[in-house]
Amino acid sequence: MNLRRDVFQAIADPTRRAILLLVAAQSMTAGAIAANFDTARPTVSKHLQILTACELLKQEQNGREIHYHINAKKMKQVADFIEPFRKMWEDRFNKLETIMKKYKSE
Amino acid sequence: MERKTKINAEDGKQDLVIIREFDLPLELLFKAYAEPEIVEQWMGTKVLKLESKKHGSYQFETTDTKGNVVFKANGVIHEFSPNRKIIRTFEMENTPFGVQLEVYEFEQLTDDTSKLNMHVIYESVAQRDQLLQLPFAQGINMAHNRLQEILNTLK
């Protein structure tokens, strides 16, 4: 496997994106994460390994269990947090434009 | 598609600027902000009151299909210069986001195009950043809910 594991490579895979969304809601153990997928447990482990290697996930020892949680700082690199805000206004203004164009032709 | 809407939000500041160019004559763009029944259509909220004049006030309210109020906002208008400028306050009720000051500048580009420059000033840097992140957080939540629905059907 390619050793260059950057964040963008990590999120290119749909299963890994799904894992990130799951863990974003609450920190979970590998077993709890794997229970959400039909894929074999070792495959999920490999995905977790990759996500941890590129620091999107962090491991936390919790008694005898290891919990995975989101590394918000690193996630910011992936999802420019302003973009959804911009998109919200873009959609709103597009609607305004469409409505007023119709208004003009009426 | 071309990105027509630009957001300028500098780090550590308590304001931001939203700029958009429209394929609309200036008069029509301004009308979309002045007429209650038009505001209702593109904002997707009920306009309970909109007095488009100096010292006028406005009230928006959105209800879900069950009739519960999910969004309520109000403000007062400090300046209303047709086809040129609106200054108003905006407050989302029952939220920690405070009152924001909004300065809208409308500009004609050509006979058929116009530009809106919207300057929003928040009470604090923290409140601005919180509001900026709101759609991002909602997006994550929605994606997660969709995922949860899919997972539920697999069980």
# chains A, B, ... in the order shown; residues from 1 in each chain; ligands from 1
$ select_by_dssp --residues "segment 5-103 of chain B" --states "strand (DSSP E)" --output "VMD selection string"
chain B and resid 5 to 8 15 to 22 46 to 50 57 to 63 69 to 81 85 to 92 99 to 103
$ write_last_selection --atoms "N, CA and C atoms" --output "compact mmCIF listing (two decimals), in the first residue's frame"
# COMPACT_ATOMS: atom_id res chain seq x y z
N THR B 5 -21.38 33.68 -5.29
CA THR B 5 -21.44 34.29 -3.97
C THR B 5 -20.08 34.20 -3.28
N LYS B 6 -19.59 35.33 -2.83
CA LYS B 6 -18.30 35.34 -2.14
C LYS B 6 -18.47 35.75 -0.69
N ILE B 7 -17.75 35.05 0.17
CA ILE B 7 -17.79 35.38 1.60
C ILE B 7 -16.40 35.85 2.00
N ASN B 8 -16.34 36.97 2.66
CA ASN B 8 -15.06 37.44 3.14
C ASN B 8 -15.14 37.53 4.67
N ASP B 15 -16.95 40.64 12.09
CA ASP B 15 -17.84 40.96 10.98
C ASP B 15 -17.51 40.08 9.78
N LEU B 16 -18.37 40.14 8.79
CA LEU B 16 -18.08 39.46 7.53
C LEU B 16 -18.82 40.16 6.40
N VAL B 17 -18.35 39.89 5.18
CA VAL B 17 -18.96 40.51 4.01
C VAL B 17 -19.40 39.42 3.05
N ILE B 18 -20.64 39.54 2.56
CA ILE B 18 -21.17 38.62 1.56
C ILE B 18 -21.41 39.42 0.29
N ILE B 19 -20.82 38.98 -0.81
CA ILE B 19 -20.96 39.72 -2.07
C ILE B 19 -21.55 38.80 -3.13
N ARG B 20 -22.52 39.34 -3.86
CA ARG B 20 -23.14 38.55 -4.91
C ARG B 20 -23.53 39.43 -6.09
N GLU B 21 -23.27 38.94 -7.29
CA GLU B 21 -23.72 39.64 -8.49
C GLU B 21 -24.93 38.91 -9.05
N PHE B 22 -25.93 39.68 -9.47
CA PHE B 22 -27.18 39.09 -9.95
C PHE B 22 -27.42 39.42 -11.42
N LYS B 46 -42.29 32.82 6.71
CA LYS B 46 -43.45 33.67 6.69
C LYS B 46 -43.03 35.06 7.15
N VAL B 47 -43.48 36.10 6.47
CA VAL B 47 -43.17 37.45 6.89
C VAL B 47 -44.40 38.01 7.60
N LEU B 48 -44.30 38.09 8.92
CA LEU B 48 -45.44 38.58 9.71
C LEU B 48 -45.61 40.07 9.56
N LYS B 49 -44.45 40.73 9.36
CA LYS B 49 -44.47 42.19 9.29
C LYS B 49 -43.20 42.65 8.60
N LEU B 50 -43.31 43.60 7.69
CA LEU B 50 -42.13 44.22 7.09
C LEU B 50 -42.49 45.64 6.67
N SER B 57 -40.05 48.22 11.24
CA SER B 57 -39.54 46.98 11.82
C SER B 57 -40.08 45.78 11.04
N TYR B 58 -39.52 44.62 11.34
CA TYR B 58 -39.96 43.42 10.62
C TYR B 58 -39.92 42.20 11.53
N GLN B 59 -40.71 41.19 11.16
CA GLN B 59 -40.78 39.94 11.92
C GLN B 59 -40.93 38.78 10.94
N PHE B 60 -40.06 37.78 11.09
CA PHE B 60 -40.17 36.57 10.28
C PHE B 60 -40.52 35.40 11.20
N GLU B 61 -41.23 34.43 10.67
CA GLU B 61 -41.53 33.23 11.45
C GLU B 61 -41.68 32.03 10.52
N THR B 62 -41.04 30.91 10.88
CA THR B 62 -41.17 29.69 10.10
C THR B 62 -41.73 28.60 10.98
N THR B 63 -42.73 27.89 10.48
CA THR B 63 -43.28 26.77 11.25
C THR B 63 -43.07 25.48 10.47
N VAL B 69 -43.22 26.42 15.81
CA VAL B 69 -42.33 27.48 15.33
C VAL B 69 -40.89 26.99 15.41
N VAL B 70 -40.21 26.97 14.26
CA VAL B 70 -38.82 26.49 14.25
C VAL B 70 -37.81 27.63 14.06
N PHE B 71 -38.30 28.76 13.63
CA PHE B 71 -37.43 29.91 13.40
C PHE B 71 -38.23 31.19 13.57
N LYS B 72 -37.67 32.13 14.35
CA LYS B 72 -38.36 33.39 14.58
C LYS B 72 -37.27 34.47 14.61
N ALA B 73 -37.45 35.49 13.80
CA ALA B 73 -36.44 36.54 13.76
C ALA B 73 -37.12 37.90 13.65
N ASN B 74 -36.43 38.93 14.12
CA ASN B 74 -36.98 40.29 14.02
C ASN B 74 -35.87 41.31 13.96
N GLY B 75 -36.25 42.52 13.62
CA GLY B 75 -35.26 43.58 13.59
C GLY B 75 -35.90 44.92 13.28
N VAL B 76 -35.08 45.98 13.33
CA VAL B 76 -35.59 47.31 12.98
C VAL B 76 -34.74 47.87 11.84
N ILE B 77 -35.39 48.73 11.06
CA ILE B 77 -34.72 49.31 9.89
C ILE B 77 -34.24 50.71 10.23
N HIS B 78 -32.96 50.94 10.04
CA HIS B 78 -32.38 52.24 10.39
C HIS B 78 -32.24 53.15 9.19
N GLU B 79 -32.06 52.54 8.02
CA GLU B 79 -31.99 53.34 6.81
C GLU B 79 -32.66 52.57 5.68
N PHE B 80 -33.46 53.25 4.90
CA PHE B 80 -34.10 52.62 3.76
C PHE B 80 -34.04 53.58 2.57
N SER B 81 -33.02 53.43 1.75
CA SER B 81 -32.86 54.28 0.58
C SER B 81 -33.08 53.42 -0.66
N LYS B 85 -29.53 51.48 -0.53
CA LYS B 85 -29.00 51.01 0.75
C LYS B 85 -30.09 50.67 1.76
N ILE B 86 -29.83 49.59 2.54
CA ILE B 86 -30.69 49.28 3.70
C ILE B 86 -29.76 49.00 4.88
N ILE B 87 -30.05 49.62 6.00
CA ILE B 87 -29.33 49.26 7.23
C ILE B 87 -30.37 48.75 8.22
N ARG B 88 -30.15 47.56 8.76
CA ARG B 88 -31.13 47.03 9.70
C ARG B 88 -30.46 46.12 10.74
N THR B 89 -31.16 45.89 11.82
CA THR B 89 -30.66 44.90 12.77
C THR B 89 -31.37 43.58 12.48
N PHE B 90 -30.76 42.49 12.93
CA PHE B 90 -31.34 41.17 12.74
C PHE B 90 -31.09 40.35 14.00
N GLU B 91 -32.16 39.76 14.52
CA GLU B 91 -32.00 38.95 15.72
C GLU B 91 -32.81 37.67 15.59
N MET B 92 -32.14 36.53 15.75
CA MET B 92 -32.83 35.24 15.78
C MET B 92 -33.28 35.03 17.22
N VAL B 99 -27.65 40.10 18.60
CA VAL B 99 -28.21 40.96 17.55
C VAL B 99 -27.10 41.30 16.58
N GLN B 100 -27.39 41.21 15.30
CA GLN B 100 -26.39 41.61 14.33
C GLN B 100 -26.84 42.83 13.55
N LEU B 101 -25.86 43.64 13.13
CA LEU B 101 -26.15 44.83 12.34
C LEU B 101 -25.84 44.48 10.88
N GLU B 102 -26.80 44.74 10.00
CA GLU B 102 -26.62 44.41 8.58
C GLU B 102 -26.68 45.65 7.71
N VAL B 103 -25.66 45.83 6.89
CA VAL B 103 -25.62 46.96 5.96
C VAL B 103 -25.65 46.41 4.54
$ select_by_dssp --residues "chain B" --states "alpha helix (DSSP H)" --output "JSON, numbers by chain"
{"B": [26, 27, 28, 29, 30, 31, 32, 33, 34, 36, 37, 38, 39, 40, 41, 42, 43, 125, 126, 127, 128, 129, 130, 131, 132, 133, 134, 135, 136, 137, 138, 139, 140, 141, 142, 143, 144, 145, 146, 147, 148, 149, 150, 151, 152, 153, 154]}
$ interface_residues --of "chain A" --to "chain B" --cutoff "9 Å" --atoms "only C-alpha atoms" --output "ChimeraX atom specification"
/A:18,21-22,24-25,36-38,79-90,92-101,103-104
$ atom_distance --atom1 "atom CA of Met118 of chain B" --atom2 "atom CA of Glu105 of chain B"
6.4 Å
$ residues_around --residues "Thr39 of chain A" --least-positions-apart "5" --cutoff "10 Å" --atoms "only C-alpha atoms" --output "list in words"
Thr15, Ala34 and Val44 of chain A
$ write_last_selection --atoms "N, CA, C and O atoms" --output "PDB file, in the first residue's frame"
ATOM      1  N   THR A  15     -16.311   4.072   2.678  1.00  0.00           N
ATOM      2  CA  THR A  15     -16.412   3.450   4.004  1.00  0.00           C
ATOM      3  C   THR A  15     -15.728   4.325   5.053  1.00  0.00           C
ATOM      4  O   THR A  15     -16.245   4.519   6.157  1.00  0.00           O
ATOM      5  N   ALA A  34     -17.357  -1.343  13.730  1.00  0.00           N
ATOM      6  CA  ALA A  34     -17.455  -2.469  12.788  1.00  0.00           C
ATOM      7  C   ALA A  34     -18.882  -3.022  12.717  1.00  0.00           C
ATOM      8  O   ALA A  34     -19.327  -3.484  11.663  1.00  0.00           O
ATOM      9  N   VAL A  44     -12.448  -3.268   8.355  1.00  0.00           N
ATOM     10  CA  VAL A  44     -12.767  -2.063   9.121  1.00  0.00           C
ATOM     11  C   VAL A  44     -11.542  -1.630   9.933  1.00  0.00           C
ATOM     12  O   VAL A  44     -11.219  -0.442  10.008  1.00  0.00           O
TER      13      VAL A  44
END
$ atom_distance --atom1 "atom CA of Gly98 of chain B" --atom2 "atom CA of Tyr122 of chain B"
7.5 Å
$ atom_distance --atom1 "atom CA of His55 of chain B" --atom2 "atom CA of Leu116 of chain B"
22.1 Å
$ closest_residue --among "A:Lys46, A:Ile66, A:Leu20, A:Ala30" --to "Val7 of chain A" --atoms "only C-alpha atoms"
A:Leu20
